[in-house]
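Peer 1: Please read through the structure below; I'll follow up with questions.
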Amino acid sequence: MDLFSHALLPYFFGTLLKRKKEEVTAFVIGGIAPDFDIIPFIVNYLIPTSFLITHRGITHSFIFGFITAIIVLYLAGRARIKEKVRKYIDYEPVVNLNTVAFAGAGILIHLFLDFITSRGVPLLFPINYARYSAEIFFYTDILLSIASFAIVIYLLKKPLKKHTVLKISLLFLLLFAALGALRIEEKTQAMDLFNGSDIRTYSTMNPFDWYVQVGNADNIQVYEYNGLSGEVNYNITVPRLIVLSEGENMQKELDAADELPQVKMFKWRAYSVAINASNENRIWKFEYFDPVQDAMVRNAPRIIKRGMGGRLNVTVLEAKAKTN
């Protein structure tokens, strides 16, 4: 979900519940704190790590999200930062048990909003690395983003009375609920068209367009579903492991490749993973790719394809792996 929606919901709830300014401030800071992960994202880019040091990584878990909220709340209360921010926003960051509780509530709202979007978040890290997602909204919903951005700009330029805030918040919540109900219905319709135990549906920017993955131990099938027409179009079937040329010790070399931090991160981000394997002069080359992601961006410009994951190439010789 977008940053503006993450900020608006805690602001609306805090204002309508007649909370103090410092409580609403902590509520909003908790609502946006997990997205202050740009620094870990840069660190991971420079020094790849198997930990979830990336956007929607460790700061998007219950434990580290709460820690992040407290840190951001504390930093926001520093005199120099407060002086600069108050030129644009009327806020009152204070750290005490009460405001920390509101910051924690803001974290829960943030994690819920990201949980209902595509790819999800690692809620239980460091207990496990799994991403949890209801796969209802696309990563960023265009309509909600436009609405939340417009409301935030309006609020910043013109302080509003309580009844006006109530009207705006109800309209935003109605839009959110209506889009959510539409997407849940479309997701349900898409899933009902397929039989099997491993069926996954993935949203797109268009609430009526969905990708459906039907998998088994050997293959991944990808379909496209449009709710307006009710049509299902077959897209592609991909073996999970495609051996392009034979060689010795493939499984051993593949296990070595899988230990690379870059490979672990690729697998963690991907909807699904398939591998092209080839051997040249005892050197194994593995190309990791995401069939669902490939289907989504097949007709997109090259720059978008690169920005949405692309492929990862790894070479391995005698259990020594490196990315290309």
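Chain identifiers are assigned as A, B, and so on, following the order in which chains appear in the structure tokens; residues are numbered from 1 within each chain, and ligands are numbered from 1 in order of appearance.
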Tell me, which residues of segment 132-310 of chain A carry DSSP alpha helix (DSSP H), written as JSON, numbers by chain?

Peer 2: {"A": [142, 143, 144, 145, 146, 147, 148, 149, 150, 151, 152, 153, 154, 155, 156, 157, 162, 163, 164, 165, 166, 167, 168, 169, 170, 171, 172, 173, 174, 175, 176, 177, 178, 179, 180, 181, 182, 183, 184, 185, 186, 187, 188, 189, 190, 191, 192, 250, 251, 252, 253, 254, 255, 256, 257, 258, 261, 262, 263, 264, 265, 266, 267, 268, 269, 291, 292, 293, 294, 295, 296, 302, 303, 304, 305, 306, 307]}

Peer 1: What's around segment 163-179 of chain A at 9 Å? Count only C-alpha atoms, leave out sequence neighbours fewer than 4 positions away in its own chain, and write the answer as a list in words.

Peer 2: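 Counting only the stated atoms, we get Leu8, Leu9, Phe12, Phe13, Thr15, Leu16, Phe137, Leu143, Leu144, Ala147, Ser148, Ile151, Leu155, Arg183, Ile184 and Pro207 of chain A.
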
Peer 1: The selected residues should be written to file as a PDB file, in the first residue's frame (atoms: C-alpha atoms).

Peer 2:
```pdb
ATOM      1  CA  LEU A   8      -4.244   8.595   6.596  1.00  0.00           C
ATOM      2  CA  LEU A   9      -5.902   5.678   8.365  1.00  0.00           C
ATOM      3  CA  PHE A  12      -8.489   9.434  10.761  1.00  0.00           C
ATOM      4  CA  PHE A  13      -8.902   6.939  13.591  1.00  0.00           C
ATOM      5  CA  THR A  15      -8.782  12.258  15.172  1.00  0.00           C
ATOM      6  CA  LEU A  16     -12.236  10.679  15.265  1.00  0.00           C
ATOM      7  CA  PHE A 137      -4.883  -5.566  -3.622  1.00  0.00           C
ATOM      8  CA  LEU A 143      -7.240   4.657  -7.134  1.00  0.00           C
ATOM      9  CA  LEU A 144      -6.406   4.544  -3.428  1.00  0.00           C
ATOM     10  CA  ALA A 147      -7.348   9.539  -3.378  1.00  0.00           C
ATOM     11  CA  SER A 148      -4.987   9.386  -0.397  1.00  0.00           C
ATOM     12  CA  ILE A 151      -6.546  14.096   0.789  1.00  0.00           C
ATOM     13  CA  LEU A 155      -5.217  18.417   4.857  1.00  0.00           C
ATOM     14  CA  ARG A 183     -11.247  -7.585  -5.477  1.00  0.00           C
ATOM     15  CA  ILE A 184     -12.247 -10.335  -3.034  1.00  0.00           C
ATOM     16  CA  PRO A 207      -9.202  -5.243 -10.176  1.00  0.00           C
TER      17      PRO A 207
END
```

Peer 1: Using only C-alpha atoms, I'd like a table of the residues in segment 113-149 of chain A that come within 12 Å of segment 243-265 of chain A; for each, show the closest atom pair and its distance in Å rounded to one decimal, ordered by chain and ascending number, as JSON lines.

Peer 2:
```
{"residue": "A:Tyr129", "atom": "CA", "partner": "A:Lys264", "partner_atom": "CA", "distance": 10.5}
{"residue": "A:Ala130", "atom": "CA", "partner": "A:Met265", "partner_atom": "CA", "distance": 11.6}
{"residue": "A:Arg131", "atom": "CA", "partner": "A:Met265", "partner_atom": "CA", "distance": 11.9}
```

Peer 1: Using only C-alpha atoms, find the one residue out of A:Asp294, A:Met1, A:Gly30, A:Lys18 that sits nearest to Ile116 of chain A.

Peer 2: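 Of A:Asp294, A:Met1, A:Gly30, A:Lys18, the one nearest Ile116 of chain A, counting only C-alpha atoms, is A:Met1.
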
Peer 1: Residues at most 6 Å from Ser133 of chain A, counting only C-alpha atoms, excluding those fewer than 2 positions away in the same chain, as a list in words?

Peer 2: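 Contacts, with the query itself left out: Phe115, Ile116, Arg119, Gly120 and Glu135 of chain A.
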
Peer 1: For Phe36 of chain A, which of A:Pro291, A:Gly65, A:Pro122, A:Gly14 is the closest residue, counting only C-alpha atoms?

Peer 2: A:Gly65

Peer 1: Considering only C-alpha atoms, return as a compact mmCIF listing (two decimals) with C-alpha atoms, in the first residue's frame whatever protein or nucleic-acid residues lie within 10 Å of Val24 of chain A, sequence-local ones (same chain, fewer than 3 positions apart) excluded.

Peer 2:
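What follows is the written file around-v4.txt:
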```txt
# COMPACT_ATOMS: atom_id res chain seq x y z
CA PRO A 10 -4.15 6.23 11.73
CA TYR A 11 -4.78 9.97 11.39
CA PHE A 12 -8.49 9.43 10.76
CA PHE A 13 -8.90 6.94 13.59
CA GLY A 14 -6.90 9.05 16.04
CA THR A 15 -8.78 12.26 15.17
CA LEU A 17 -11.47 9.08 18.64
CA LYS A 18 -10.55 12.56 19.97
CA ARG A 19 -7.05 11.57 20.95
CA LYS A 20 -4.41 14.09 21.99
CA LYS A 21 -2.07 15.57 19.41
CA PHE A 27 -0.27 6.77 15.70
CA VAL A 28 0.66 8.24 12.31
CA ILE A 29 4.40 7.72 12.85
CA GLY A 30 3.73 4.06 13.64
CA TYR A 91 2.72 17.51 15.00
CA GLU A 92 3.89 16.71 18.53
CA PRO A 93 6.23 13.70 18.81
CA THR A 99 2.48 7.22 22.75
CA PHE A 102 -0.25 4.27 19.78
CA ALA A 103 2.86 3.84 17.65
CA GLY A 106 -0.01 2.28 13.88
```

Peer 1: Of the residues A:Ala7, A:Leu52, A:Met205, A:Val232, which is the one nearest to Lys267 of chain A, using only C-alpha atoms?

Peer 2: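 So, comparing all the options, the nearest one is A:Leu52.
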
Peer 1: Quick one: of A:Asp192, A:Glu23, A:Asp2, A:Glu224, who's nearest to Asn98 of chain A, counting only C-alpha atoms?

Peer 2: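 For Asn98 of chain A, the nearest of the candidates is A:Glu23.
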
Peer 1: Mind checking DSSP for segment 56-282 of chain A and telling me the strand (DSSP E) residues as a VMD selection string?

Peer 2: chain A and resid 199 to 203 209 to 215 219 to 226 231 to 239 241 to 243 274 to 280

Peer 1: Could you save those same residues with N, CA and C atoms as a short mmCIF file (atom, residue, chain, number, x, y, z; two decimals), in the first residue's frame?

Peer 2:
```cif
data_model
loop_
_atom_site.label_atom_id
_atom_site.label_comp_id
_atom_site.auth_asym_id
_atom_site.auth_seq_id
_atom_site.Cartn_x
_atom_site.Cartn_y
_atom_site.Cartn_z
N ILE A 199 -3.23 -23.85 -5.86
CA ILE A 199 -3.75 -22.80 -6.73
C ILE A 199 -3.54 -21.46 -6.04
N ARG A 200 -2.90 -20.55 -6.74
CA ARG A 200 -2.63 -19.24 -6.17
C ARG A 200 -3.06 -18.16 -7.16
N THR A 201 -3.68 -17.13 -6.63
CA THR A 201 -4.13 -16.03 -7.48
C THR A 201 -3.36 -14.77 -7.12
N TYR A 202 -3.04 -13.98 -8.16
CA TYR A 202 -2.25 -12.77 -7.95
C TYR A 202 -2.94 -11.59 -8.63
N SER A 203 -3.06 -10.50 -7.90
CA SER A 203 -3.77 -9.33 -8.39
C SER A 203 -2.91 -8.51 -9.34
N ASP A 209 -8.50 -8.04 -13.59
CA ASP A 209 -7.49 -8.89 -14.20
C ASP A 209 -6.67 -9.60 -13.12
N TRP A 210 -6.57 -10.92 -13.24
CA TRP A 210 -5.85 -11.73 -12.26
C TRP A 210 -4.98 -12.76 -12.96
N TYR A 211 -3.89 -13.12 -12.32
CA TYR A 211 -3.06 -14.22 -12.78
C TYR A 211 -3.26 -15.39 -11.82
N VAL A 212 -3.39 -16.56 -12.39
CA VAL A 212 -3.62 -17.76 -11.59
C VAL A 212 -2.47 -18.74 -11.84
N GLN A 213 -1.86 -19.20 -10.76
CA GLN A 213 -0.79 -20.19 -10.87
C GLN A 213 -1.31 -21.53 -10.38
N VAL A 214 -1.17 -22.54 -11.22
CA VAL A 214 -1.53 -23.91 -10.86
C VAL A 214 -0.25 -24.72 -10.89
N GLY A 215 0.17 -25.24 -9.76
CA GLY A 215 1.46 -25.90 -9.67
C GLY A 215 1.40 -27.33 -9.20
N ASN A 219 5.89 -28.91 -12.50
CA ASN A 219 5.59 -27.81 -13.42
C ASN A 219 4.84 -26.67 -12.76
N ILE A 220 4.90 -25.52 -13.41
CA ILE A 220 4.14 -24.34 -13.01
C ILE A 220 3.32 -23.89 -14.22
N GLN A 221 2.01 -23.84 -14.07
CA GLN A 221 1.13 -23.35 -15.13
C GLN A 221 0.60 -21.97 -14.75
N VAL A 222 0.59 -21.07 -15.71
CA VAL A 222 0.12 -19.71 -15.46
C VAL A 222 -1.04 -19.40 -16.39
N TYR A 223 -2.13 -18.87 -15.81
CA TYR A 223 -3.31 -18.50 -16.57
C TYR A 223 -3.64 -17.03 -16.28
N GLU A 224 -4.41 -16.43 -17.17
CA GLU A 224 -4.91 -15.08 -16.98
C GLU A 224 -6.44 -15.13 -16.92
N TYR A 225 -7.01 -14.38 -15.98
CA TYR A 225 -8.47 -14.36 -15.82
C TYR A 225 -8.96 -12.92 -15.82
N ASN A 226 -10.03 -12.66 -16.58
CA ASN A 226 -10.66 -11.34 -16.60
C ASN A 226 -12.09 -11.48 -16.10
N GLU A 231 -13.43 -14.65 -19.00
CA GLU A 231 -12.56 -15.48 -19.81
C GLU A 231 -11.30 -15.90 -19.05
N VAL A 232 -10.88 -17.14 -19.32
CA VAL A 232 -9.63 -17.66 -18.79
C VAL A 232 -8.73 -17.96 -19.97
N ASN A 233 -7.54 -17.37 -19.98
CA ASN A 233 -6.60 -17.59 -21.07
C ASN A 233 -5.35 -18.28 -20.53
N TYR A 234 -5.01 -19.40 -21.18
CA TYR A 234 -3.79 -20.10 -20.82
C TYR A 234 -2.58 -19.27 -21.23
N ASN A 235 -1.60 -19.16 -20.34
CA ASN A 235 -0.43 -18.34 -20.63
C ASN A 235 0.79 -19.20 -20.95
N ILE A 236 1.22 -20.00 -19.98
CA ILE A 236 2.45 -20.77 -20.18
C ILE A 236 2.55 -21.88 -19.15
N THR A 237 3.26 -22.96 -19.52
CA THR A 237 3.64 -24.02 -18.58
C THR A 237 5.15 -24.09 -18.55
N VAL A 238 5.71 -24.04 -17.34
CA VAL A 238 7.17 -24.02 -17.18
C VAL A 238 7.60 -25.11 -16.21
N PRO A 239 8.52 -26.01 -16.61
CA PRO A 239 9.10 -26.95 -15.64
C PRO A 239 9.85 -26.20 -14.55
N LEU A 241 12.49 -27.13 -13.09
CA LEU A 241 13.91 -27.24 -13.41
C LEU A 241 14.04 -27.67 -14.87
N ILE A 242 14.68 -26.82 -15.67
CA ILE A 242 14.87 -27.09 -17.10
C ILE A 242 16.36 -27.33 -17.33
N VAL A 243 16.73 -28.57 -17.66
CA VAL A 243 18.13 -28.91 -17.90
C VAL A 243 18.41 -28.77 -19.39
N ALA A 274 11.49 -20.84 -11.22
CA ALA A 274 11.92 -21.91 -12.12
C ALA A 274 13.39 -21.67 -12.45
N ILE A 275 14.08 -22.73 -12.88
CA ILE A 275 15.53 -22.63 -13.10
C ILE A 275 15.90 -23.26 -14.44
N ASN A 276 16.66 -22.52 -15.24
CA ASN A 276 17.30 -23.08 -16.42
C ASN A 276 18.72 -23.49 -16.03
N ALA A 277 19.08 -24.74 -16.29
CA ALA A 277 20.41 -25.24 -15.92
C ALA A 277 21.16 -25.72 -17.15
N SER A 278 22.41 -25.31 -17.27
CA SER A 278 23.24 -25.77 -18.40
C SER A 278 24.68 -25.95 -17.92
N ASN A 279 25.40 -26.84 -18.62
CA ASN A 279 26.78 -27.14 -18.25
C ASN A 279 27.71 -26.91 -19.43
N GLU A 280 28.76 -26.15 -19.17
CA GLU A 280 29.77 -25.90 -20.19
C GLU A 280 31.15 -26.07 -19.57
#
```

Peer 1: Go through A:Phe112, A:Phe149, A:Phe266, A:Phe289 one by one, measure the shortest atom-to-atom distance of each to Ala134 of chain A using only C-alpha atoms, and give the residue with the smallest value.

Peer 2: A:Phe112

Peer 1: Would you please work out which residue, of A:Phe62, A:Leu97, A:Ala76, A:Tyr88, is nearest to Val152 of chain A when using only C-alpha atoms?

Peer 2: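 That would be A:Tyr88, the residue with the smallest distance to Val152 of chain A.
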
Peer 1: Could you work out how far atom CA of Glu185 of chain A lies from atom CA of Ile107 of chain A, giving the answer in Å with one decimal?

Peer 2: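 These two atoms are separated by 27.6 Å.
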